[in-house]
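Report on one structure; see the data block that follows.
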Amino acid sequence: MKFPDNFLWGGAIAANQCEGAWNEDGKGMSVADVAMFKPNVDKKDYVSQWHIDMDDIRKARETDDVVYYPKRHGVDFYHHYEEDIALFAEMGFKTLRLSIAWTRLFPNGDEEKPNEKGLLFYENVFKCLRKHNIEPLVTLSHYEMPLYLVENYEGWASREVVDMFVKFATTCFERYKDLVKYWLTFNEIDSVFRHPFTTVGIVEDNYASKNEAEEAIYKALHHQLVASALVTKYAREIIPGAQIGCMVTKTLTYPETCNPEDIYLAMMDNRTNNLYTDVQVRGKYPLWIKKLWKDKGFEIPILEGDEEILAAHTVDFISFSYYMSMVQSIHAEKREKVGGNLTTGVKNPYLSTSEWGWQIDPKGLEISLIDLYDRYQKPLWIVENGLGYNDVVNEDGTIEDDYRINYFADHFKAIGHAIENGVEVMGYTSWGCIDIVSASTSQMSKRYGFIYVDVDDYNKGTYKRLKKKSFDWYKKVIETNGEILKD
Ligand code: BG6
């Protein structure tokens with residue numbers, strides 16, 4: 001098993017799940033500051049976890065509570081970033097994926113001038129990374145749009161938001177052009193349909209029908225795709241050598257059997273999953289989506305010039321998250337179901353599931369890599385992958401997370417096999433390399449890190465950082481560039 005010499009091993013975090021300091025130094029409220037920890041919601045009830053309506057927003061605006069709004073405290077990376085980056089450096093990270101909170105720079109999104117304190121914070125973080133020889137990989141938008149744009153516009157369904165985002169992005173490019181070379185535009189752009197509030201600021205209950213909400217979501221998606229292409233253009237103009245990637249959730253779907261009906265259903269799901277990369281890599285909408293809009297009577301505001309923008313500014317590489325695979329069956333209603341950050345699906349009898357019902361499938365990662373590479377022939381970067389687990393700290397302070405080590409070993413071997421199979425993989429950043437607040441459940445107890453943070457679901461704890469057993473193991477993987485993975 002041989003990983004390329006310049007393989008970018010590292011970890012990934014997102015501002016809204018790690019920084020905390022939700023109202024410090026001029027930061028505005030973002031959609032993440034509305035997300036509640038709901039102790040009584042079933043861990044596998046994906047729909048309730050993500051649901052937000054105007055009443056939830058009103059209540060969130062009226063309170064300073066951080067206990068039930070855990071993304072407001074995160075793991076206080078805002079004040080611990082030097083310590084955390086030093087720990088990443090100790091593991092030998094070559095790269096760190098992180099995001100910039102739009103609301104630190106433009107608290108409402110529509111201000112004329114950026115907030116200097118916000119700009120300075122990220123400048124210091126990037127300088128600290130450079131000091132440790134860690135290459136930043138920066139996501140411009142990771143579920144953290146200004147709440148003001150939800151309340152005063154129609155989220156991303158409003159065209160004005162494209163201009164505001166472009167201003168935010170170009171502000172970042174100008175300021176960080178000497179510090180950051182690798183950029184991602186929108187995290188899991190395909191999640192518009194899974195949780196539209198978080199991804200594009202659309203409150204579904206505000207629409208008269210499901211159909212109207214769906215039309216608004218497609219409008220918002222079109223605006224994000226145009227914005228993504230535009231900022232790709234500006235990044236190339238402003239930053240010499242900039243490398244821009246798209247970021248999607250790889251939702252590999254298998255047919256339950258070789259019945260052509262099962263195969264057809266699985267293929268259609270995979271086709272939908274490819275929509276987003278098709279536009280961002282190939283530069284145009286596939287015919288089927290335009291037909292779908294026409295059949296449903298949707299008016300998608302594709303302005304003159306939009307299609308040229310999409311065609312002219314495609315991405316340099318494809319990045320994706322990979323957590324699980326799905327199964328489709330014509331008998332879906334009769335089959336046992338599993339949960340996930342995606343949607344509920346048919347249980348795959350060959351796979352085990354995590355406590356949160358996510359199906360663990362390392363071979364699916366290899367299949368995904370081959371599938372994406374064969375479709376697009378673009379370099380790939382796995383920017384999220386990992387196991388959410390409620391780790392236990394022993395009395396002596398150790399955390400024996402062998403389950404995590406096994407999970408990673410299997411997934412790393414899968415990447416190695418894909419590379420042997422002629423797939424170009426730029427790097428790997430494990431999700432939540434330090435424990436952070438869960439995006440879906442807002443729990444702290446759904447931990448992904450090599451580094452444990454002492455804070456629980458009710459914001460009790462010292463915020464002390466502890467190395468898990470996997471910390472030293474990942475360090476060896478990086479040190480040997482994957483050599484220790486040999487069976
Ligand atoms: C991805 C998101 O969908 O999954 C991350 O990009 C998220 O923000 C990750 O944290 C894992 O999901 P969760 O709900 O376990 O945090």
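Just so we're on the same page: first chain in the structure tokens is A, next is B, and so on; residues restart at 1 for each chain, and ligands are numbered from 1 in the order they show up.
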Leaving out region 219-233 of chain A and any residue of its chain fewer than 3 positions from it, which residues lie within 6 Å of it when counting only C-alpha atoms, given as a ChimeraX atom specification? /A:156-157,162,185,216,236,300,310,313
Keeping only C-alpha atoms, write the selected residues to a file as a compact mmCIF listing (two decimals), in the first residue's frame.
```
# COMPACT_ATOMS: atom_id res chain seq x y z
CA TRP A 156 -30.40 31.76 -0.77
CA ALA A 157 -33.61 31.87 -2.83
CA VAL A 162 -25.21 35.79 -4.34
CA THR A 185 -16.95 26.80 -1.84
CA ALA A 216 -37.61 27.71 -3.56
CA ARG A 236 -8.15 32.51 -9.58
CA ILE A 300 -35.85 28.58 -11.87
CA LEU A 310 -21.24 27.85 -14.70
CA HIS A 313 -15.49 28.43 -13.86
```
Taking the chain letters and numbering used in this document, name the residues of region 118-304 of chain A that DSSP puts in helix (DSSP H, G or I), as an NGL selection string. :A and (118-131 or 147-152 or 160-176 or 189-192 or 196-200 or 204-206 or 210-238 or 260-282 or 287-296)
Grab me every residue within 9 Å of ligand 1, counting only C-alpha atoms and all ligand atoms, and send it over as a PyMOL selection string. chain A and resi 13-14+16-17+142-143+187-188+191+248-249+321-323+340-342+356+384-388+431-432+436-443+446-448
Just want the 9 Å neighbourhood of Thr170 (chain A), counted on only C-alpha atoms, with same-chain residues fewer than 5 positions away dropped. Output as a list of chain:residue names.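 The contact residues come out as A:Phe165, A:Arg175, A:Val231, A:Tyr234, A:Ala235, A:Ile238.
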Using only C-alpha atoms, pick whichever of A:Lys486, A:Lys363, A:Lys337, A:Lys467 has the shortest atom-to-atom distance to Asp84 (chain A).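 For Asp84 (chain A), the nearest of the given residues is A:Lys467.
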Surrounding residues of region 364-371 of chain A excluding itself and chain neighbours under 6 positions, 10 Å, only C-alpha atoms, as a ChimeraX atom specification: /A:250-254,320-326,377,379-382,385,410-419,421-425
Of the residues A:Gly345, A:Gly397, A:Gly10, A:Gly283, which is the one nearest to Pro136 (chain A), using only C-alpha atoms? A:Gly10
re CA of Glu151 (chain A) and CA of Lys27 (chain A): distance 17.0 Å
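Proximity to Val31 (chain A) was assessed for A:Glu116, A:Asp396, A:Asp65, A:Glu144 counting only C-alpha atoms; the smallest distance is recorded for A:Glu144.
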Selected residue of minimal separation from Leu147 (chain A) among A:Ile189, A:Ile263, A:Ile318, A:Ala35, counting only C-alpha atoms: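 Nearest candidate to Leu147 (chain A) out of A:Ile189, A:Ile263, A:Ile318, A:Ala35: A:Ala35.
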Suppose you want the space between CA of Gly357 (chain A) and CA of Val338 (chain A); what is it in Å?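 Going from CA of Gly357 (chain A) over to CA of Val338 (chain A) covers 5.5 Å.
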Interatomic distance, CA of Asp456 (chain A) to CA of His79 (chain A) (Å, one decimal):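 Going from CA of Asp456 (chain A) over to CA of His79 (chain A) covers 18.3 Å.
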Between A:Leu87, A:Cys18, A:Ile217, A:Leu98, which one has atoms that come closest to Arg72 (chain A), using only C-alpha atoms? A:Cys18
Nearest to Arg97 (chain A): which of A:Tyr458, A:Phe317, A:Trp183, A:Phe121 is it, counting only C-alpha atoms?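 Closest residue, counting only C-alpha atoms: A:Trp183.
DSSP, applied to the backbone of this structure, assigns strand (DSSP E) to the following residues of region 306-358 of chain A: Phe317, Ile318, Ser319, Phe320, Ser321, Met326, Val327, Gln328, Lys337, Val338, Gly345, Val346, Ser352 and Thr353 of chain A.
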Tell me, as a PDB file with C-alpha atoms, in the first residue's frame, which residues lie within 10 Å of Leu275 (chain A), counting only C-alpha atoms; anything in the same chain fewer than 3 positions away does not count.
```pdb
ATOM      1  CA  ASP A 190     -26.363  18.588  -2.024  1.00  0.00           C
ATOM      2  CA  ASN A 270     -26.903   7.844  -7.596  1.00  0.00           C
ATOM      3  CA  ARG A 271     -27.863   9.999 -10.553  1.00  0.00           C
ATOM      4  CA  THR A 272     -29.431  12.558  -8.207  1.00  0.00           C
ATOM      5  CA  ASP A 278     -22.028  17.358 -12.800  1.00  0.00           C
ATOM      6  CA  VAL A 279     -22.678  21.109 -12.630  1.00  0.00           C
ATOM      7  CA  GLN A 280     -19.540  22.052 -10.728  1.00  0.00           C
ATOM      8  CA  LYS A 284     -23.729  22.512 -16.965  1.00  0.00           C
ATOM      9  CA  TYR A 285     -27.022  21.148 -15.722  1.00  0.00           C
ATOM     10  CA  PRO A 286     -27.855  17.680 -17.020  1.00  0.00           C
ATOM     11  CA  TRP A 288     -32.939  15.500 -16.758  1.00  0.00           C
ATOM     12  CA  ILE A 289     -33.013  18.230 -14.110  1.00  0.00           C
TER      13      ILE A 289
END
```
Test item: residues at most 8 Å from Phe197 (chain A), only C-alpha atoms, excluding those fewer than 6 positions along its chain, as a list in words: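 Non-adjacent residues within range: Val31, His51, Ile52, Val203 and Glu204 of chain A.
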